[in-house]
Amino acid sequence: MRDLADCVESEFNREEQQRQHHALLALTAITSLSYQYPQTALRQTLAMACDYLGMAKGEITRIGHDGDEVLLLDSADASYAEARTTSVCMTFNMPVDKPNTVFHLADLALGPYHDHPCHTEYGVRSLIGLRMRIGDADDVNLRFSDMRPRQFSFSEIETEFVRLLGDWVSGVMKRQELDQQLQQQRALSDAIAKAQSLFIRETDQEKGFESLLAAIIRLTDSAYGFICEVKNKTAANPALKSMMLAWNDDEAEIASTQLDAQARDEACTQLKQRYGHALRSAKTIIENHGIGQSLDRVFPAHFAALHCFLCIPVHYDGEMIALVGIANRPKGYDQQLTQFLNPLFSTLGQLISAARMQTQRRETERQLANVIKGTNIGTWECNIVTGETIYNERWAEMLGYTLAELEPTTVDTWLKLCHPEDLKLTSAMIDQHFRGEIEYFDLKSRMRHKDGHWIWIHDRGCVVSWDTDGNPLIMSGSHADITDQMEAEAELEHAYELLEKSNAAARLGTWELEVKTRKLTWSKVTRQLHEVSDDFECTVEQALAFYKDVDNREKIRTLFIQAVREGLRFDTELCITTARGRDRWVHVIGFPQFDEEGKCARVYGTFQDISERRSTEEALRDQAAHTSAIIDNVLDGIITFDEDENIISLNNAATDIFGYQASELVGKNIRLLIPYPADADAVPDALATSRLSMTVIGREVDARRKDGGNFPLDLSVSTVSRQGKPLFIALIRDITERKRTEKIKNEFISTVSHELRTPLTSISGALGLISGGVLGVFPEKMRQMLDIANKNCQRLTFLINDLLDMEKLSAGKMVFHLETSLLKDLLTQAIEANQTFGAERHVSLQLAANTPAVNVCVDTQRMMQVLSNLLSNAIKYSPENAVVNIKAENRITGVRISVTDKGTGIPHEFRDRIFEKFAQADSSDTRQNGGTGLGLAITRELVERMGGKIGFESQPGVATVFYVDLPTAR
């Protein structure tokens with residue numbers, strides 16, 4: 001049993017190590033994904049996480065302020081790159097009160113969410129995930145679900161895996177979001193700059209408007225758009241001076257045209273009719289449904305029907321000077337998009353105002369100011385010769401100051417706030433730029449905030465003016481606050497550091513092979529496993545040479561070739577010889593990764609030391625073989641079976657007993673060997689009552705051999721747990737010969753008892769008459785001999801009577817006349833009947849005063865026999881002048897009668913046999929105390945036939961208590 005427990009514990013430890021190993025492997029693979037294609041990386045992440053967690057579906061969704069859930073990525077659908085809105089009932093929103101906390105349900109049908117639509121309507125049964133906050137944006141859900149319930153709850157390793165995965169996904173999405181914002185801001189800045197450049201450079205000012213309209217359509221992914229200038233300042237009746245119409249025809253450029261006067265007037269009239277109130281109040285118009293052909297004068301009939309429309313009144317200096325309209329954006333329009341386009345609209349206002357006021361320089365300055373404000377980036381311009389530096393207000397705001405607090409501003413203003421460690425790098429890079437070694441400087445550095453903490457700044461700049469000797473005069477650039485991005489990267493780096501520490505603890509290294517360059521990279525742990533130095537750079541050929549023999553080397557070489565050519569991952573165990581000459585077993589796992597062209601770019605994986613595990617497994621195999629040899633050579637049969645009663649294994653003795661081969665019984669139901677018995681206490685019925693735990697000791701059952709013959713079997717069953725399920729172990733012994741011997745003995749005893757009883761009765765009567773003086777007075781010596789003969793004759797009579805009673809009980813022929821009697825009266829009669837015997841032994845009998853007034857349903861004669869046997873035994877084994885106590889007390893299931901003596905007690909080695917026939921602790925007891933050795937055996941049979949139970953408690957040298965439990969009668 002201990003060996004079995006050790007095996008089970010080893011199996012549990014191995015499975016736990018495997019789960020940790022798989023989690024670390026999955027996280028290693030995920031964190032090694034390229035950031036260059038975040039959508040692809042996130043989709044691969046979901047697929048790998050689904051594979052590790054055993055879940056069918058992985059999702060990344062965004063929860064909007066309005067509660068709508070937008071599906072960003074789905075592991076089951078790799079055919080789209082655009083986000084799409086989905087009904088919340090199709091998904092499962094993470095609890096909002098537990099951000100960044102892993103939420104998991106092994107079976108939705110059994111928990112408080114059993115009536116959630118995702119379960120009732122879409123069949124989701126198991127789920128794990130967490131809600132994350134990506135910067136100041138809406139919450140994001142990372143979620144994995146399955147239509148099947150999990151057999152076990154999610155483990156701590158799986159929940160920690162999801163939490164770390166959430167950290168990594170959050171970092172990727174933050175970087176992606178920052179990149180997207182930067183791209184949008186750059187596109188916005190480029191559009192504004194292009195429009196400004198065209199407006200200034202071109203004599204035709206309409207080029208600037210055309211560029212802005214094209215940029216708006218391109219940035220919003222709209223199909224059509226228009227810009228029109230408001231003719232006058234009358235808000236009650238705005239008129240359109242001119243209208244430019246543009247559309248996206250899927251070509252490289254946005255097509256545009258100027259409407260003639262008639263078309264412009266018709267379009268203006270239609271706009272006023274539908275949106276007159278909004279135009280007069282200068283409000284933004286957003287319509288995402290129900291438009292159709294209602295604006296067919298604004299957008300000609302040959303355009304596709306409108307399904308959404310956005311019209312923005314453009315203001316400048318408190319005056320509405322233009323209207324901008326765009327239509328048919330696939331995602332519709334919202335206020336957030338309007339805010340994003342504000343810099344463009346502001347630029348538009350600036351351009352129109354510049355055209356009206358003919359002050360291009362002032363307009364250009366205003367345009368630049370609005371561009372900077374819209375992009376939320378600080379700017380600076382430094383005179384290299386004087387050190388005088390001009391900063392904008394946003395530059396100061398990033399550091400918690402107003403520009404006035406920093407004046408007068410010079411280059412020293414910047415130097416005083418720069419982190420000392422970053423100042424040297426900054427100065428060195430600027431010097432490189434001055435020498436012409438780099439086109440511009442681009443660096444990330446820390447600057448002290450007004451509150452005292454450090455913030456991260458992305459600083460870019462270049463010289464914009466040089467003197468005739470090539471010396472720098474004026475330098476300008478921009479500052480952007482990237483603190484959030486750097487913190488996210490630091491958190492991701494910390495997670496990777498924890499992963500490295502975990503790998504070191506698990507003796508799990510990583511490796512990576514660049515296929516094109518054949519460059520092989522080993523982690524620190526991998527180098528340690530090969531026992532090489534930390535700076536060892538290994539080649540492919542050197543790595544192969546570490547494998548112990550030709551077979552191992554050819555196997556790993558073949559696996560690599562299959563990974564590169566066929567895209568097959570591999571998982572194998574091989575033996576290496578370290579640099580110090582030691583043999584070591586390792587577990588090698590490899591994954592191929594392909595580029596956008598479908599070619600294998602690299603193969604990466606893990607490298608784990610499993611030498612200890614292999615040694616343990618070998619020791620376990622040896623131990624198992626040793627145990628198997630012992631079991632196969634024991635004389636008793638041993639059978640193991642599961643909770644479905646299917647046989648798992650059996651030893652040689654068991655196959656010999658039943659006449660089968662082991663292969664004929666494995667997997668078969670144990671009922672084949674032990675059919676349904678009539679005894680309700682037998683094994684199969686006990687199994688039906690409880691399949692989780694069962695103990696059956698020394699039960700006789702009927703068994704069946706292969707030839708169909710039935711035979712008696714002694715059966716003992718115990719239960720152990722294996723992998724959380726019960727395993728039953730049956731110890732069996734063929735008792736055919738024992739039963740035959742018992743039958744012969746019982747028949748002999750029965751014959752002897754009947755043949756001796758009649759003559760013995762005559763002898764006993766004759767001796768009684770002679771001892772009574774019927775034939776006169778005999779000499780003293782003769783009288784003593786007659787008394788001895790008379791007593792021995794009585795003892796033999798008692799023995800024969802006990803044997804006959806035992807025979808009747810065994811054969812079931814003894815008749816019981818059950819009747820209701822007052823227990824106290826039965827106890828009193830029994831004590832009176834045994835007072836004389838007690839007096840002869842100088843032992844008194846005492847009944848407890850608090851005897852309960854209860855009735856019992858018994859055969860009075862047989863009950864008196866039971867009590868007399870218990871009392872006579874107590875008297876015989878009590879010392880002189882001792883007291884035998886008789887007590888009755890109520891129990892939950894009835895009443896208990898106890899007889900307590902102060903004798904020598906019952907030896908431990910005899911207690912298991914005390915109720916057997918002819919059982920006595922010492923043969924000298926018969927000579928010293930008398931008795932047949934059948935009293936307690938008969939007493940047990942009588943008690944059990946009357947519905948009771950008998951037992952005892954004994955402390956050698958102190959006291960012995962025999963008790964009888966009987967049900968009470970009403």
# chains A, B, ... in the order shown; residues from 1 in each chain; ligands from 1

$ residues_around --residues "region 552-556 of chain A" --least-positions-apart "5" --cutoff "12 Å" --atoms "only C-alpha atoms" --output "PyMOL selection string"
chain A and resi 540-547+561-563+569-577+585-590

$ residues_around --residues "Met447 (chain A)" --least-positions-apart "3" --cutoff "6 Å" --atoms "only C-alpha atoms" --output "VMD selection string"
chain A and resid 417 to 419 454 to 455

$ residues_around --residues "region 310-320 of chain A" --least-positions-apart "5" --cutoff "6 Å" --atoms "only C-alpha atoms" --output "list in words"
Ala282, Thr284, Ile285, Ile286, Gly325, Ile326 and Gly349 of chain A

$ closest_residue --among "A:Glu700, A:Glu489, A:Asp431, A:Asp442" --to "Pro472 (chain A)" --atoms "only C-alpha atoms"
A:Asp431

$ residues_around --residues "Ile647 (chain A)" --least-positions-apart "3" --cutoff "12 Å" --atoms "only C-alpha atoms" --output "list in words"
Ile638, Ile639, Thr640, Phe641, Asp642, Glu643, Asp644, Leu650, Asn651, Ala654, Ala662, Ser663, Glu664, Leu665, Val666, Gly667, Lys668, Asn669, Ile670, Arg671, Leu672, Leu673, Ile674, Leu727, Phe728, Ile729 and Ala730 of chain A

$ write_last_selection --atoms "N, CA, C and O atoms" --output "mmCIF file, in the first residue's frame"
data_model
loop_
_atom_site.group_PDB
_atom_site.id
_atom_site.type_symbol
_atom_site.label_atom_id
_atom_site.label_comp_id
_atom_site.auth_asym_id
_atom_site.auth_seq_id
_atom_site.Cartn_x
_atom_site.Cartn_y
_atom_site.Cartn_z
ATOM 1 N N ILE A 638 -5.174 -11.879 -5.447
ATOM 2 C CA ILE A 638 -5.355 -10.429 -5.318
ATOM 3 C C ILE A 638 -5.912 -9.908 -6.630
ATOM 4 O O ILE A 638 -5.351 -10.152 -7.699
ATOM 5 N N ILE A 639 -7.047 -9.198 -6.542
ATOM 6 C CA ILE A 639 -7.702 -8.615 -7.723
ATOM 7 C C ILE A 639 -7.951 -7.141 -7.444
ATOM 8 O O ILE A 639 -8.434 -6.777 -6.367
ATOM 9 N N THR A 640 -7.620 -6.279 -8.408
ATOM 10 C CA THR A 640 -7.964 -4.856 -8.298
ATOM 11 C C THR A 640 -9.021 -4.543 -9.345
ATOM 12 O O THR A 640 -8.972 -5.038 -10.472
ATOM 13 N N PHE A 641 -9.996 -3.705 -8.960
ATOM 14 C CA PHE A 641 -11.046 -3.304 -9.894
ATOM 15 C C PHE A 641 -11.461 -1.873 -9.598
ATOM 16 O O PHE A 641 -11.226 -1.348 -8.508
ATOM 17 N N ASP A 642 -12.082 -1.221 -10.596
ATOM 18 C CA ASP A 642 -12.426 0.195 -10.473
ATOM 19 C C ASP A 642 -13.854 0.371 -9.992
ATOM 20 O O ASP A 642 -14.541 -0.617 -9.658
ATOM 21 N N GLU A 643 -14.307 1.646 -9.959
ATOM 22 C CA GLU A 643 -15.640 1.950 -9.439
ATOM 23 C C GLU A 643 -16.751 1.402 -10.327
ATOM 24 O O GLU A 643 -17.898 1.296 -9.889
ATOM 25 N N ASP A 644 -16.438 1.058 -11.585
ATOM 26 C CA ASP A 644 -17.432 0.442 -12.465
ATOM 27 C C ASP A 644 -17.366 -1.075 -12.391
ATOM 28 O O ASP A 644 -17.997 -1.768 -13.199
ATOM 29 N N LEU A 650 -4.786 -8.738 -11.752
ATOM 30 C CA LEU A 650 -4.906 -9.866 -10.836
ATOM 31 C C LEU A 650 -3.589 -10.647 -10.856
ATOM 32 O O LEU A 650 -2.859 -10.616 -11.852
ATOM 33 N N ASN A 651 -3.304 -11.306 -9.735
ATOM 34 C CA ASN A 651 -2.043 -12.036 -9.636
ATOM 35 C C ASN A 651 -2.221 -13.491 -10.064
ATOM 36 O O ASN A 651 -3.337 -13.934 -10.403
ATOM 37 N N ALA A 654 -4.787 -15.665 -8.188
ATOM 38 C CA ALA A 654 -6.183 -15.427 -8.559
ATOM 39 C C ALA A 654 -6.549 -16.156 -9.842
ATOM 40 O O ALA A 654 -7.638 -16.728 -9.965
ATOM 41 N N ALA A 662 -4.837 -14.377 -17.193
ATOM 42 C CA ALA A 662 -4.998 -12.967 -16.793
ATOM 43 C C ALA A 662 -5.575 -12.132 -17.927
ATOM 44 O O ALA A 662 -6.428 -11.268 -17.711
ATOM 45 N N SER A 663 -5.155 -12.381 -19.171
ATOM 46 C CA SER A 663 -5.643 -11.594 -20.310
ATOM 47 C C SER A 663 -7.140 -11.789 -20.543
ATOM 48 O O SER A 663 -7.794 -10.941 -21.142
ATOM 49 N N GLU A 664 -7.696 -12.914 -20.063
ATOM 50 C CA GLU A 664 -9.123 -13.181 -20.247
ATOM 51 C C GLU A 664 -9.985 -12.386 -19.274
ATOM 52 O O GLU A 664 -11.183 -12.207 -19.500
ATOM 53 N N LEU A 665 -9.400 -11.885 -18.196
ATOM 54 C CA LEU A 665 -10.188 -11.223 -17.155
ATOM 55 C C LEU A 665 -9.996 -9.719 -17.106
ATOM 56 O O LEU A 665 -10.894 -8.997 -16.652
ATOM 57 N N VAL A 666 -8.848 -9.204 -17.520
ATOM 58 C CA VAL A 666 -8.601 -7.758 -17.453
ATOM 59 C C VAL A 666 -9.636 -7.030 -18.316
ATOM 60 O O VAL A 666 -9.826 -7.350 -19.494
ATOM 61 N N GLY A 667 -10.311 -6.053 -17.714
ATOM 62 C CA GLY A 667 -11.342 -5.300 -18.410
ATOM 63 C C GLY A 667 -12.731 -5.879 -18.246
ATOM 64 O O GLY A 667 -13.729 -5.210 -18.557
ATOM 65 N N LYS A 668 -12.833 -7.143 -17.758
ATOM 66 C CA LYS A 668 -14.139 -7.768 -17.547
ATOM 67 C C LYS A 668 -14.710 -7.336 -16.193
ATOM 68 O O LYS A 668 -13.995 -6.907 -15.286
ATOM 69 N N ASN A 669 -16.033 -7.473 -16.068
ATOM 70 C CA ASN A 669 -16.696 -7.116 -14.820
ATOM 71 C C ASN A 669 -16.456 -8.192 -13.774
ATOM 72 O O ASN A 669 -16.470 -9.400 -14.086
ATOM 73 N N ILE A 670 -16.254 -7.759 -12.537
ATOM 74 C CA ILE A 670 -15.956 -8.722 -11.476
ATOM 75 C C ILE A 670 -17.137 -9.636 -11.181
ATOM 76 O O ILE A 670 -17.000 -10.689 -10.569
ATOM 77 N N ARG A 671 -18.335 -9.245 -11.661
ATOM 78 C CA ARG A 671 -19.505 -10.104 -11.488
ATOM 79 C C ARG A 671 -19.324 -11.438 -12.231
ATOM 80 O O ARG A 671 -20.005 -12.405 -11.937
ATOM 81 N N LEU A 672 -18.430 -11.472 -13.209
ATOM 82 C CA LEU A 672 -18.145 -12.715 -13.898
ATOM 83 C C LEU A 672 -17.604 -13.754 -12.928
ATOM 84 O O LEU A 672 -17.860 -14.955 -13.068
ATOM 85 N N LEU A 673 -16.845 -13.295 -11.917
ATOM 86 C CA LEU A 673 -16.235 -14.194 -10.935
ATOM 87 C C LEU A 673 -17.067 -14.310 -9.668
ATOM 88 O O LEU A 673 -17.131 -15.384 -9.070
ATOM 89 N N ILE A 674 -17.665 -13.171 -9.249
ATOM 90 C CA ILE A 674 -18.467 -13.151 -8.012
ATOM 91 C C ILE A 674 -19.850 -12.643 -8.383
ATOM 92 O O ILE A 674 -20.093 -11.436 -8.423
ATOM 93 N N LEU A 727 -10.054 2.939 -6.025
ATOM 94 C CA LEU A 727 -9.521 1.696 -6.561
ATOM 95 C C LEU A 727 -9.732 0.627 -5.488
ATOM 96 O O LEU A 727 -9.313 0.796 -4.340
ATOM 97 N N PHE A 728 -10.393 -0.464 -5.852
ATOM 98 C CA PHE A 728 -10.731 -1.506 -4.896
ATOM 99 C C PHE A 728 -9.749 -2.672 -5.038
ATOM 100 O O PHE A 728 -9.433 -3.106 -6.155
ATOM 101 N N ILE A 729 -9.256 -3.150 -3.889
ATOM 102 C CA ILE A 729 -8.298 -4.254 -3.858
ATOM 103 C C ILE A 729 -8.946 -5.406 -3.097
ATOM 104 O O ILE A 729 -9.280 -5.262 -1.911
ATOM 105 N N ALA A 730 -9.151 -6.530 -3.782
ATOM 106 C CA ALA A 730 -9.814 -7.688 -3.184
ATOM 107 C C ALA A 730 -8.781 -8.779 -2.907
ATOM 108 O O ALA A 730 -7.998 -9.150 -3.789
#

$ residues_around --residues "Thr828 (chain A)" --least-positions-apart "5" --cutoff "12 Å" --atoms "only C-alpha atoms" --output "list in words"
Leu822, Leu823, Ala833, Asn834, Gln835, Leu845, Gln846, Leu847, Ala848, Ala849, Thr851, Met864, Leu867, Ser868, Leu871, Ile886, Lys887 and Ala888 of chain A

$ write_last_selection --atoms "all heavy atoms" --output "compact mmCIF listing (two decimals), in the first residue's frame"
# COMPACT_ATOMS: atom_id res chain seq x y z
N LEU A 822 -40.53 -6.57 30.13
CA LEU A 822 -39.86 -5.45 30.79
C LEU A 822 -38.42 -5.85 31.07
O LEU A 822 -38.16 -6.88 31.70
CB LEU A 822 -40.58 -5.09 32.08
CG LEU A 822 -40.07 -3.84 32.82
CD1 LEU A 822 -40.28 -2.59 31.96
CD2 LEU A 822 -40.78 -3.68 34.16
N LEU A 823 -37.47 -5.06 30.60
CA LEU A 823 -36.05 -5.42 30.70
C LEU A 823 -35.63 -5.59 32.15
O LEU A 823 -34.87 -6.50 32.47
CB LEU A 823 -35.20 -4.34 30.00
CG LEU A 823 -33.69 -4.55 30.07
CD1 LEU A 823 -33.30 -5.86 29.39
CD2 LEU A 823 -32.97 -3.39 29.42
N ALA A 833 -31.24 -16.12 39.49
CA ALA A 833 -30.90 -17.47 39.05
C ALA A 833 -29.42 -17.78 39.22
O ALA A 833 -29.03 -18.94 39.33
CB ALA A 833 -31.31 -17.66 37.58
N ASN A 834 -28.56 -16.78 39.26
CA ASN A 834 -27.13 -17.00 39.35
C ASN A 834 -26.54 -16.61 40.70
O ASN A 834 -25.32 -16.59 40.87
CB ASN A 834 -26.41 -16.21 38.24
CG ASN A 834 -26.60 -16.81 36.87
OD1 ASN A 834 -25.86 -17.70 36.46
ND2 ASN A 834 -27.63 -16.32 36.18
N GLN A 835 -27.42 -16.25 41.68
CA GLN A 835 -26.93 -15.86 43.00
C GLN A 835 -26.21 -17.01 43.68
O GLN A 835 -25.17 -16.84 44.31
CB GLN A 835 -28.11 -15.37 43.87
CG GLN A 835 -28.64 -14.00 43.53
CD GLN A 835 -27.73 -12.88 44.01
OE1 GLN A 835 -26.59 -13.10 44.41
NE2 GLN A 835 -28.25 -11.65 43.93
N LEU A 845 -23.54 -10.19 42.89
CA LEU A 845 -24.09 -9.59 41.68
C LEU A 845 -24.87 -8.34 42.06
O LEU A 845 -25.69 -8.38 42.99
CB LEU A 845 -25.00 -10.57 40.93
CG LEU A 845 -24.37 -11.92 40.58
CD1 LEU A 845 -25.41 -12.82 39.91
CD2 LEU A 845 -23.19 -11.74 39.65
N GLN A 846 -24.64 -7.23 41.33
CA GLN A 846 -25.29 -5.96 41.70
C GLN A 846 -25.87 -5.29 40.44
O GLN A 846 -25.16 -5.04 39.47
CB GLN A 846 -24.28 -5.02 42.37
CG GLN A 846 -24.90 -3.70 42.82
CD GLN A 846 -23.90 -2.85 43.60
OE1 GLN A 846 -22.87 -3.35 44.03
NE2 GLN A 846 -24.23 -1.59 43.77
N LEU A 847 -27.20 -4.99 40.51
CA LEU A 847 -27.90 -4.31 39.42
C LEU A 847 -27.91 -2.81 39.68
O LEU A 847 -28.23 -2.37 40.78
CB LEU A 847 -29.33 -4.83 39.29
CG LEU A 847 -30.21 -4.17 38.22
CD1 LEU A 847 -29.63 -4.43 36.83
CD2 LEU A 847 -31.64 -4.70 38.31
N ALA A 848 -27.54 -2.01 38.66
CA ALA A 848 -27.52 -0.55 38.82
C ALA A 848 -28.91 -0.04 39.14
O ALA A 848 -29.93 -0.55 38.65
CB ALA A 848 -26.99 0.11 37.55
N ALA A 849 -28.95 1.00 39.98
CA ALA A 849 -30.24 1.52 40.47
C ALA A 849 -31.03 2.25 39.39
O ALA A 849 -32.26 2.31 39.44
CB ALA A 849 -29.99 2.46 41.66
N THR A 851 -31.82 1.66 36.33
CA THR A 851 -32.20 0.86 35.17
C THR A 851 -33.43 1.46 34.49
O THR A 851 -34.45 1.69 35.14
CB THR A 851 -32.51 -0.58 35.59
OG1 THR A 851 -31.35 -1.12 36.24
CG2 THR A 851 -32.88 -1.43 34.38
N MET A 864 -32.79 -15.37 28.87
CA MET A 864 -32.25 -15.78 30.17
C MET A 864 -30.98 -16.61 29.97
O MET A 864 -30.03 -16.51 30.75
CB MET A 864 -33.29 -16.61 30.93
CG MET A 864 -34.51 -15.79 31.37
SD MET A 864 -34.10 -14.38 32.41
CE MET A 864 -33.43 -15.23 33.83
N LEU A 867 -28.18 -14.06 29.30
CA LEU A 867 -27.75 -13.38 30.52
C LEU A 867 -27.03 -14.34 31.47
O LEU A 867 -26.04 -13.97 32.11
CB LEU A 867 -28.97 -12.76 31.21
CG LEU A 867 -29.66 -11.62 30.44
CD1 LEU A 867 -30.94 -11.19 31.16
CD2 LEU A 867 -28.72 -10.43 30.30
N SER A 868 -27.49 -15.59 31.56
CA SER A 868 -26.84 -16.56 32.44
C SER A 868 -25.42 -16.85 31.96
O SER A 868 -24.49 -16.97 32.78
CB SER A 868 -27.66 -17.86 32.49
OG SER A 868 -28.91 -17.63 33.12
N LEU A 871 -23.34 -13.77 32.92
CA LEU A 871 -23.14 -13.67 34.37
C LEU A 871 -22.24 -14.78 34.89
O LEU A 871 -21.36 -14.55 35.74
CB LEU A 871 -24.49 -13.69 35.08
CG LEU A 871 -25.38 -12.45 34.86
CD1 LEU A 871 -26.75 -12.64 35.50
CD2 LEU A 871 -24.71 -11.20 35.41
N ILE A 886 -24.16 -5.11 36.85
CA ILE A 886 -25.08 -5.24 35.72
C ILE A 886 -25.75 -3.89 35.55
O ILE A 886 -26.31 -3.33 36.50
CB ILE A 886 -26.12 -6.35 35.94
CG1 ILE A 886 -25.42 -7.70 36.20
CG2 ILE A 886 -27.05 -6.42 34.73
CD1 ILE A 886 -25.21 -8.03 37.65
N LYS A 887 -25.72 -3.37 34.33
CA LYS A 887 -26.28 -2.04 34.07
C LYS A 887 -26.98 -2.03 32.73
O LYS A 887 -26.58 -2.72 31.80
CB LYS A 887 -25.16 -0.99 34.07
CG LYS A 887 -25.64 0.44 33.85
CD LYS A 887 -24.49 1.45 33.95
CE LYS A 887 -23.55 1.30 32.78
NZ LYS A 887 -22.52 2.38 32.74
N ALA A 888 -28.07 -1.23 32.66
CA ALA A 888 -28.78 -1.01 31.38
C ALA A 888 -28.89 0.49 31.15
O ALA A 888 -29.12 1.26 32.09
CB ALA A 888 -30.16 -1.65 31.42

$ select_by_dssp --residues "region 411-615 of chain A" --states "helix (DSSP H, G or I)" --output "number ranges by chain"
A: 411-417, 420-434, 483-505, 524-530, 540-545, 550-566, 611-615

$ closest_residue --among "A:Val463, A:Ile657, A:Ala766, A:Ala47" --to "Leu713 (chain A)" --atoms "only C-alpha atoms"
A:Ile657

$ residues_around --residues "Met398 (chain A)" --least-positions-apart "2" --cutoff "8 Å" --atoms "only C-alpha atoms" --output "list in words"
Gly378, Arg394, Trp395, Ala396, Gly400, Tyr401, His449 and Asp481 of chain A

$ select_by_dssp --residues "region 856-921 of chain A" --states "strand (DSSP E)" --output "PyMOL selection string"
chain A and resi 856-859+883-891+894-901

$ closest_residue --among "A:Ala969, A:Leu42, A:Met782, A:Ile906" --to "Leu818 (chain A)" --atoms "only C-alpha atoms"
A:Ala969
